file my_file-v5.pdb (PDB, C-alpha atoms)
ATOM      1  CA  MET A 896      79.370  76.385 -26.906
ATOM      2  CA  GLU A 897      76.667  76.185 -29.282
ATOM      3  CA  GLU A 898      77.763  72.760 -29.993
ATOM      4  CA  ILE A 899      77.704  71.979 -26.321
ATOM      5  CA  ASN A 900      74.333  73.603 -26.006
ATOM      6  CA  ALA A 901      73.154  71.695 -29.034
ATOM      7  CA  MET A 902      74.561  68.480 -27.582
ATOM      8  CA  ASN A 903      73.204  69.333 -24.223
ATOM      9  CA  GLU A 904      69.849  69.980 -25.823
ATOM     10  CA  LYS A 905      70.124  66.751 -27.791
ATOM     11  CA  HIS A 906      71.158  64.955 -24.661
ATOM     12  CA  ALA A 907      68.282  66.561 -22.734
ATOM     13  CA  ASN A 908      65.902  65.499 -25.490
ATOM     14  CA  SER A 909      67.371  61.998 -25.336
ATOM     15  CA  LEU A 910      66.971  62.004 -21.555
ATOM     16  CA  ILE A 911      63.394  63.118 -21.925
ATOM     17  CA  LYS A 912      62.855  60.383 -24.481
ATOM     18  CA  ILE A 913      64.526  57.840 -22.186
ATOM     19  CA  LYS A 914      62.425  59.050 -19.259
ATOM     20  CA  LEU A 915      59.327  58.796 -21.431
ATOM     21  CA  LEU A 916      60.370  55.334 -22.563
ATOM     22  CA  LEU A 917      61.126  54.352 -18.962
ATOM     23  CA  ARG A 918      57.775  55.769 -17.889
ATOM     24  CA  GLU A 919      56.125  53.750 -20.701
ATOM     25  CA  VAL A 920      57.987  50.616 -19.610
ATOM     26  CA  VAL A 921      57.027  51.239 -15.966
ATOM     27  CA  ASP A 922      53.446  51.938 -17.017
ATOM     28  CA  ASN A 923      53.497  48.824 -19.198
ATOM     29  CA  ASN A 924      54.963  46.812 -16.316
ATOM     30  CA  PHE A 925      52.308  48.251 -14.020
ATOM     31  CA  GLN A 926      49.642  47.422 -16.576
ATOM     32  CA  ASN A 927      51.187  43.961 -17.014
ATOM     33  CA  ASP A 928      51.181  43.472 -13.228
ATOM     34  CA  THR A 929      47.550  44.653 -13.122
ATOM     35  CA  ILE A 930      46.679  42.334 -16.003
ATOM     36  CA  THR A 931      48.549  39.481 -14.286
ATOM     37  CA  ILE A 932      46.652  40.137 -11.037
ATOM     38  CA  LYS A 933      43.386  40.300 -12.949
ATOM     39  CA  LEU A 934      44.329  37.081 -14.758
ATOM     40  CA  LEU A 935      45.072  35.369 -11.447
ATOM     41  CA  ASP A 936      41.784  36.670  -9.989
ATOM     42  CA  ASN A 937      39.955  35.470 -13.096
ATOM     43  CA  LYS A 938      41.657  32.052 -12.854
ATOM     44  CA  ARG A 939      40.600  31.778  -9.201
ATOM     45  CA  GLU A 940      37.055  32.837 -10.100
ATOM     46  CA  ILE A 941      37.018  30.327 -12.979
ATOM     47  CA  ALA A 942      38.161  27.580 -10.583
ATOM     48  CA  VAL A 943      35.405  28.482  -8.081
ATOM     49  CA  LEU A 944      32.803  28.642 -10.857
ATOM     50  CA  SER A 945      34.040  25.305 -12.275
ATOM     51  CA  LYS A 946      33.533  23.694  -8.851
ATOM     52  CA  GLU A 947      30.057  25.196  -8.655
ATOM     53  CA  VAL A 948      29.271  23.939 -12.159
ATOM     54  CA  LEU A 949      30.461  20.423 -11.219
ATOM     55  CA  SER A 950      28.386  20.540  -8.045
ATOM     56  CA  LEU A 951      25.357  21.714 -10.013
ATOM     57  CA  LYS A 952      25.928  18.960 -12.606
ATOM     58  CA  LYS A 953      25.985  16.349  -9.828
ATOM     59  CA  LYS A 954      22.811  17.805  -8.308
ATOM     60  CA  PHE A 955      21.223  17.881 -11.749
ATOM     61  CA  GLU A 956      22.106  14.213 -12.344
ATOM     62  CA  THR A 957      20.738  13.250  -8.921
ATOM     63  CA  GLU A 958      17.514  15.167  -9.517
ATOM     64  CA  LYS A 959      17.282  13.724 -13.021
ATOM     65  CA  GLN A 960      17.579  10.186 -11.625
ATOM     66  CA  LYS A 961      14.934  10.958  -8.995
ATOM     67  CA  LEU A 962      12.656  12.369 -11.666
ATOM     68  CA  GLU A 963      13.186   9.317 -13.887
ATOM     69  CA  ARG A 964      12.411   7.013 -10.942
ATOM     70  CA  LYS A 965       9.267   9.016 -10.138
ATOM     71  CA  GLN A 966       8.273   8.898 -13.797
ATOM     72  CA  TYR A 967       8.757   5.125 -13.835
ATOM     73  CA  GLU A 968       6.659   4.776 -10.665
ATOM     74  CA  SER A 969       4.017   7.046 -12.143
ATOM     75  CA  ASP A 970       3.931   4.987 -15.334
ATOM     76  CA  GLU A 971       3.649   1.826 -13.257
ATOM     77  CA  HIS A 972       0.769   3.322 -11.240
ATOM     78  CA  ASN A 973      -0.930   4.423 -14.436
ATOM     79  CA  ARG A 974      -0.633   0.898 -15.852
ATOM     80  CA  LEU A 975      -2.081  -0.535 -12.647
ATOM     81  CA  LEU A 976      -4.851   2.047 -12.675
ATOM     82  CA  THR A 977      -5.669   1.137 -16.269
ATOM     83  CA  ASP A 978      -5.771  -2.561 -15.334
ATOM     84  CA  ILE A 979      -7.972  -1.826 -12.329
ATOM     85  CA  ASN A 980     -10.324   0.301 -14.433
ATOM     86  CA  GLU A 981     -10.597  -2.497 -17.003
ATOM     87  CA  GLU A 982     -11.285  -4.991 -14.231
ATOM     88  CA  LYS A 983     -13.887  -2.637 -12.740
ATOM     89  CA  GLU A 984     -15.602  -2.320 -16.114
ATOM     90  CA  ASN A 985     -15.660  -6.111 -16.446
ATOM     91  CA  LEU A 986     -17.047  -6.440 -12.915
ATOM     92  CA  ASP A 987     -19.680  -3.792 -13.659
ATOM     93  CA  ILE A 988     -20.743  -5.774 -16.727
ATOM     94  CA  SER A 989     -20.839  -8.988 -14.674
ATOM     95  CA  LEU A 990     -22.807  -7.221 -11.943
ATOM     96  CA  ARG A 991     -25.389  -5.980 -14.446
ATOM     97  CA  GLU A 992     -25.698  -9.479 -15.886
ATOM     98  CA  LEU A 993     -26.113 -10.932 -12.383
ATOM     99  CA  GLU A 994     -28.733  -8.307 -11.511
ATOM    100  CA  ILE A 995     -30.678  -9.217 -14.639
ATOM    101  CA  GLU A 996     -30.362 -12.907 -13.780
ATOM    102  CA  HIS A 997     -31.411 -12.153 -10.177
ATOM    103  CA  LYS A 998     -34.508 -10.274 -11.327
ATOM    104  CA  THR A 999     -35.352 -13.122 -13.688
ATOM    105  CA  MET A1000     -34.919 -15.686 -10.929
ATOM    106  CA  LYS A1001     -36.964 -13.575  -8.511
ATOM    107  CA  LYS A1002     -39.834 -13.638 -10.958
ATOM    108  CA  ALA A1003     -39.447 -17.386 -11.503
ATOM    109  CA  LYS A1004     -41.525 -19.660  -9.338
ATOM    110  CA  PRO A1005     -40.268 -23.016  -8.081
ATOM    111  CA  SER A1006     -41.500 -26.050  -9.933
ATOM    112  CA  LEU A1007     -44.012 -28.382  -8.322
ATOM    113  CA  ARG A1008     -41.237 -30.884  -7.616
ATOM    114  CA  ASP A1009     -39.104 -28.156  -5.955
ATOM    115  CA  GLN A1010     -42.058 -26.999  -3.829
ATOM    116  CA  GLN A1011     -42.683 -30.562  -2.672
ATOM    117  CA  LEU A1012     -38.990 -31.000  -1.875
ATOM    118  CA  LEU A1013     -38.968 -27.756   0.162
ATOM    119  CA  GLU A1014     -42.107 -28.742   2.080
ATOM    120  CA  THR A1015     -40.674 -32.193   2.835
ATOM    121  CA  GLY A1016     -37.422 -30.605   4.029
ATOM    122  CA  LYS A1017     -39.304 -28.176   6.299
ATOM    123  CA  ARG A1018     -41.366 -31.011   7.832
ATOM    124  CA  LYS A1019     -38.243 -33.118   8.406
ATOM    125  CA  HIS A1020     -36.485 -30.168  10.021
ATOM    126  CA  LYS A1021     -39.462 -29.498  12.302
ATOM    127  CA  LEU A1022     -39.724 -33.177  13.328
ATOM    128  CA  TYR A1023     -35.957 -33.314  13.908
ATOM    129  CA  LYS A1024     -36.150 -30.254  16.191
ATOM    130  CA  GLU A1025     -39.119 -31.702  18.096
ATOM    131  CA  PHE A1026     -37.577 -35.136  18.477
ATOM    132  CA  THR A1027     -34.008 -34.163  19.458
ATOM    133  CA  CYS A1028     -34.737 -30.786  21.099
ATOM    134  CA  ILE A1029     -31.519 -29.491  19.496
ATOM    135  CA  ARG A1030     -31.599 -25.911  18.235
ATOM    136  CA  TRP A1031     -28.699 -24.991  15.949
ATOM    137  CA  ASP A1032     -27.433 -21.437  15.769
ATOM    138  CA  TYR A1033     -27.205 -20.813  12.012
ATOM    139  CA  SER A1034     -25.815 -17.319  12.599
ATOM    140  CA  ALA A1035     -22.682 -18.689  14.336
ATOM    141  CA  PRO A1036     -19.339 -18.162  12.562
ATOM    142  CA  GLU A1037     -18.341 -20.869  10.088
ATOM    143  CA  SER A1038     -15.435 -21.915  12.325
ATOM    144  CA  VAL A1039     -17.794 -23.294  15.007
ATOM    145  CA  ILE A1040     -20.991 -25.315  15.283
ATOM    146  CA  GLU A1041     -23.167 -23.877  18.039
ATOM    147  CA  GLY A1042     -26.611 -24.306  19.452
ATOM    148  CA  TYR A1043     -28.361 -25.614  22.547
ATOM    149  CA  ILE A1044     -30.225 -28.689  23.761
ATOM    150  CA  THR A1045     -33.366 -28.443  25.865
ATOM    151  CA  ASN A1046     -36.056 -30.736  27.217
ATOM    152  CA  LYS A1047     -38.575 -27.843  27.019
ATOM    153  CA  LYS A1048     -39.048 -27.954  30.786
ATOM    154  CA  ASP A1049     -36.069 -27.466  33.040
ATOM    155  CA  TYR A1050     -32.971 -28.358  31.024
ATOM    156  CA  LEU A1051     -30.953 -26.070  28.759
ATOM    157  CA  GLN A1052     -27.401 -26.886  27.666
ATOM    158  CA  LYS A1053     -25.292 -24.776  25.292
ATOM    159  CA  ILE A1054     -23.252 -26.750  22.787
ATOM    160  CA  SER A1055     -20.269 -25.532  20.803
ATOM    161  CA  TYR A1056     -17.883 -27.536  18.630
ATOM    162  CA  LYS A1057     -15.157 -26.648  16.176
ATOM    163  CA  SER A1058     -16.371 -26.968  12.598
ATOM    164  CA  ASP A1059     -13.548 -29.342  11.662
ATOM    165  CA  ILE A1060     -14.990 -32.021  13.978
ATOM    166  CA  ASP A1061     -15.780 -35.264  12.133
ATOM    167  CA  TYR A1062     -19.412 -36.205  11.551
ATOM    168  CA  LYS A1063     -19.369 -39.318  13.767
ATOM    169  CA  THR A1064     -18.008 -37.444  16.783
ATOM    170  CA  LEU A1065     -20.521 -34.627  16.275
ATOM    171  CA  ARG A1066     -23.364 -37.146  16.027
ATOM    172  CA  ASP A1067     -22.258 -38.991  19.185
ATOM    173  CA  LEU A1068     -21.826 -35.776  21.186
ATOM    174  CA  SER A1069     -25.224 -34.502  20.040
ATOM    175  CA  TRP A1070     -26.980 -37.733  21.064
ATOM    176  CA  ASP A1071     -25.184 -37.654  24.419
ATOM    177  CA  GLY A1072     -26.587 -34.150  24.900
ATOM    178  CA  VAL A1073     -30.101 -35.347  23.978
ATOM    179  CA  PHE A1074     -29.730 -38.229  26.448
ATOM    180  CA  GLN A1075     -28.622 -35.854  29.204
ATOM    181  CA  SER A1076     -31.709 -33.707  28.618
ATOM    182  CA  THR A1077     -33.973 -36.705  29.263
ATOM    183  CA  VAL A1078     -32.240 -37.952  32.446
ATOM    184  CA  ASP A1079     -33.451 -36.925  35.887
ATOM    185  CA  ASN A1080     -32.328 -33.330  36.350
ATOM    186  CA  THR A1081     -31.484 -33.678  40.051
ATOM    187  CA  ARG A1082     -28.994 -36.413  39.286
ATOM    188  CA  ILE A1083     -27.354 -34.242  36.588
ATOM    189  CA  THR A1084     -27.101 -31.306  38.962
ATOM    190  CA  LYS A1085     -25.502 -33.604  41.517
ATOM    191  CA  ASP A1086     -23.055 -34.954  38.911
ATOM    192  CA  CYS A1087     -22.152 -31.416  37.823
ATOM    193  CA  LYS A1088     -21.403 -30.412  41.411
ATOM    194  CA  GLU A1089     -19.183 -33.470  41.860
ATOM    195  CA  ASN A1090     -17.264 -32.681  38.655
ATOM    196  CA  LYS A1091     -16.432 -29.158  39.812
TER
END

call {"tool": "encode", "arguments": {"input": "my_file-v5.pdb", "output": "structure tokens"}}
result
Amino acid sequence: MEEINAMNEKHANSLIKIKLLLREVVDNNFQNDTITIKLLDNKREIAVLSKEVLSLKKKFETEKQKLERKQYESDEHNRLLTDINEEKENLDISLRELEIEHKTMKKAKPSLRDQQLLETGKRKHKLYKEFTCIRWDYSAPESVIEGYITNKKDYLQKISYKSDIDYKTLRDLSWDGVFQSTVDNTRITKDCKENK
């Protein structure tokens, strides 16, 4: 019986060892399952993070391209600004030179020949105005020639022509206006009423 007890004890010890080994295997399997689950979770998390990284890389590239374009535009503006500043400096120098020349010319007096030419021109202009009774509007825009014709009594006619009119036509129209100012005013009034 001792042998049986000893065998029984040995067998009990072996059972305990087997149970312990089984428990270890079950624990290891449980740990393996836990590790496998954690691995799967980690793989999923890595996949999500990889997508986020790719998305962030795309955003980064887009922003980088925008920044490079803005930098190029900024460089272009800076070059233009430099050119404009250089041009401004050149214009400032030219302006100072012109101001000096203007002051010099202001101080200069016309020569005797120039004074005579100016006086002759003024007299001719005065005689022309008296003879033709045409008064030109020198403040009119450059696109038109304007003024009026009068006989200094009872006739006043506004004249206006396009500036691209040829000289001969302008001359003929002006003399027609002068002629009209010298004709009997009652007849002109009558003619105007008939033309309406």

call {"tool": "residues_around", "arguments": {"input": "my_file-v5.pdb", "residues": "Ile1044 of chain A", "least_positions_apart": "6", "cutoff": "6 Å", "atoms": "all atoms listed in the file", "output": "PyMOL selection string"}}
result
chain A and resi 1028-1029+1051-1052

call {"tool": "atom_distance", "arguments": {"input": "my_file-v5.pdb", "atom1": "atom CA of Thr1027 of chain A", "atom2": "atom CA of Val1073 of chain A"}}
result
6.1 Å

call {"tool": "atom_distance", "arguments": {"input": "my_file-v5.pdb", "atom1": "atom CA of Lys1057 of chain A", "atom2": "atom CA of Lys1024 of chain A"}}
result
21.3 Å

call {"tool": "resolve_selection", "arguments": {"input": "my_file-v5.pdb", "expression": "the PyMOL selection byres ((chain A and resi 1032) around 6)", "output": "ChimeraX atom specification"}}
result
/A:1031,1033-1035,1041-1042

call {"tool": "atom_distance", "arguments": {"input": "my_file-v5.pdb", "atom1": "atom CA of Phe1026 of chain A", "atom2": "atom CA of Ser1076 of chain A"}}
result
11.8 Å

call {"tool": "resolve_selection", "arguments": {"input": "my_file-v5.pdb", "expression": "the PyMOL selection byres ((chain A and resi 1056) around 6)", "output": "short mmCIF file (atom, residue, chain, number, x, y, z; two decimals) with C-alpha atoms, in the coordinates of the input"}}
result
data_model
loop_
_atom_site.label_atom_id
_atom_site.label_comp_id
_atom_site.auth_asym_id
_atom_site.auth_seq_id
_atom_site.Cartn_x
_atom_site.Cartn_y
_atom_site.Cartn_z
CA VAL A 1039 -17.79 -23.29 15.01
CA ILE A 1040 -20.99 -25.32 15.28
CA SER A 1055 -20.27 -25.53 20.80
CA LYS A 1057 -15.16 -26.65 16.18
#

call {"tool": "closest_residue", "arguments": {"input": "my_file-v5.pdb", "among": "A:Leu1007, A:Ile932, A:Val1078, A:Leu1065", "to": "Asp1049 of chain A", "atoms": "all atoms listed in the file"}}
result
A:Val1078

call {"tool": "build_atoms", "arguments": {"input": "my_file-v5.pdb", "residues": "segment 1008-1021 of chain A", "atoms": "N, CA and C atoms", "output": "PDB file, in the frame of the given file"}}
result
ATOM      1  N   ARG A1008     -42.172 -29.952  -8.258  1.00  0.00           N
ATOM      2  CA  ARG A1008     -41.237 -30.884  -7.616  1.00  0.00           C
ATOM      3  C   ARG A1008     -40.399 -30.152  -6.570  1.00  0.00           C
ATOM      4  N   ASP A1009     -39.894 -28.943  -6.901  1.00  0.00           N
ATOM      5  CA  ASP A1009     -39.104 -28.156  -5.955  1.00  0.00           C
ATOM      6  C   ASP A1009     -39.928 -27.759  -4.742  1.00  0.00           C
ATOM      7  N   GLN A1010     -41.192 -27.376  -4.954  1.00  0.00           N
ATOM      8  CA  GLN A1010     -42.058 -26.999  -3.829  1.00  0.00           C
ATOM      9  C   GLN A1010     -42.278 -28.187  -2.902  1.00  0.00           C
ATOM     10  N   GLN A1011     -42.484 -29.364  -3.492  1.00  0.00           N
ATOM     11  CA  GLN A1011     -42.683 -30.562  -2.672  1.00  0.00           C
ATOM     12  C   GLN A1011     -41.410 -30.883  -1.891  1.00  0.00           C
ATOM     13  N   LEU A1012     -40.260 -30.731  -2.539  1.00  0.00           N
ATOM     14  CA  LEU A1012     -38.990 -31.000  -1.875  1.00  0.00           C
ATOM     15  C   LEU A1012     -38.774 -30.025  -0.708  1.00  0.00           C
ATOM     16  N   LEU A1013     -39.099 -28.751  -0.912  1.00  0.00           N
ATOM     17  CA  LEU A1013     -38.968 -27.756   0.162  1.00  0.00           C
ATOM     18  C   LEU A1013     -39.905 -28.070   1.319  1.00  0.00           C
ATOM     19  N   GLU A1014     -41.134 -28.420   1.027  1.00  0.00           N
ATOM     20  CA  GLU A1014     -42.107 -28.742   2.080  1.00  0.00           C
ATOM     21  C   GLU A1014     -41.658 -29.970   2.865  1.00  0.00           C
ATOM     22  N   THR A1015     -41.159 -30.979   2.170  1.00  0.00           N
ATOM     23  CA  THR A1015     -40.674 -32.193   2.835  1.00  0.00           C
ATOM     24  C   THR A1015     -39.494 -31.847   3.743  1.00  0.00           C
ATOM     25  N   GLY A1016     -38.581 -31.020   3.239  1.00  0.00           N
ATOM     26  CA  GLY A1016     -37.422 -30.605   4.029  1.00  0.00           C
ATOM     27  C   GLY A1016     -37.838 -29.835   5.272  1.00  0.00           C
ATOM     28  N   LYS A1017     -38.817 -28.939   5.139  1.00  0.00           N
ATOM     29  CA  LYS A1017     -39.304 -28.176   6.299  1.00  0.00           C
ATOM     30  C   LYS A1017     -39.925 -29.100   7.333  1.00  0.00           C
ATOM     31  N   ARG A1018     -40.731 -30.074   6.882  1.00  0.00           N
ATOM     32  CA  ARG A1018     -41.366 -31.011   7.832  1.00  0.00           C
ATOM     33  C   ARG A1018     -40.307 -31.852   8.550  1.00  0.00           C
ATOM     34  N   LYS A1019     -39.302 -32.322   7.787  1.00  0.00           N
ATOM     35  CA  LYS A1019     -38.243 -33.118   8.406  1.00  0.00           C
ATOM     36  C   LYS A1019     -37.487 -32.289   9.446  1.00  0.00           C
ATOM     37  N   HIS A1020     -37.212 -31.050   9.101  1.00  0.00           N
ATOM     38  CA  HIS A1020     -36.485 -30.168  10.021  1.00  0.00           C
ATOM     39  C   HIS A1020     -37.294 -29.944  11.289  1.00  0.00           C
ATOM     40  N   LYS A1021     -38.594 -29.734  11.143  1.00  0.00           N
ATOM     41  CA  LYS A1021     -39.462 -29.498  12.302  1.00  0.00           C
ATOM     42  C   LYS A1021     -39.513 -30.746  13.187  1.00  0.00           C
TER      43      LYS A1021
END
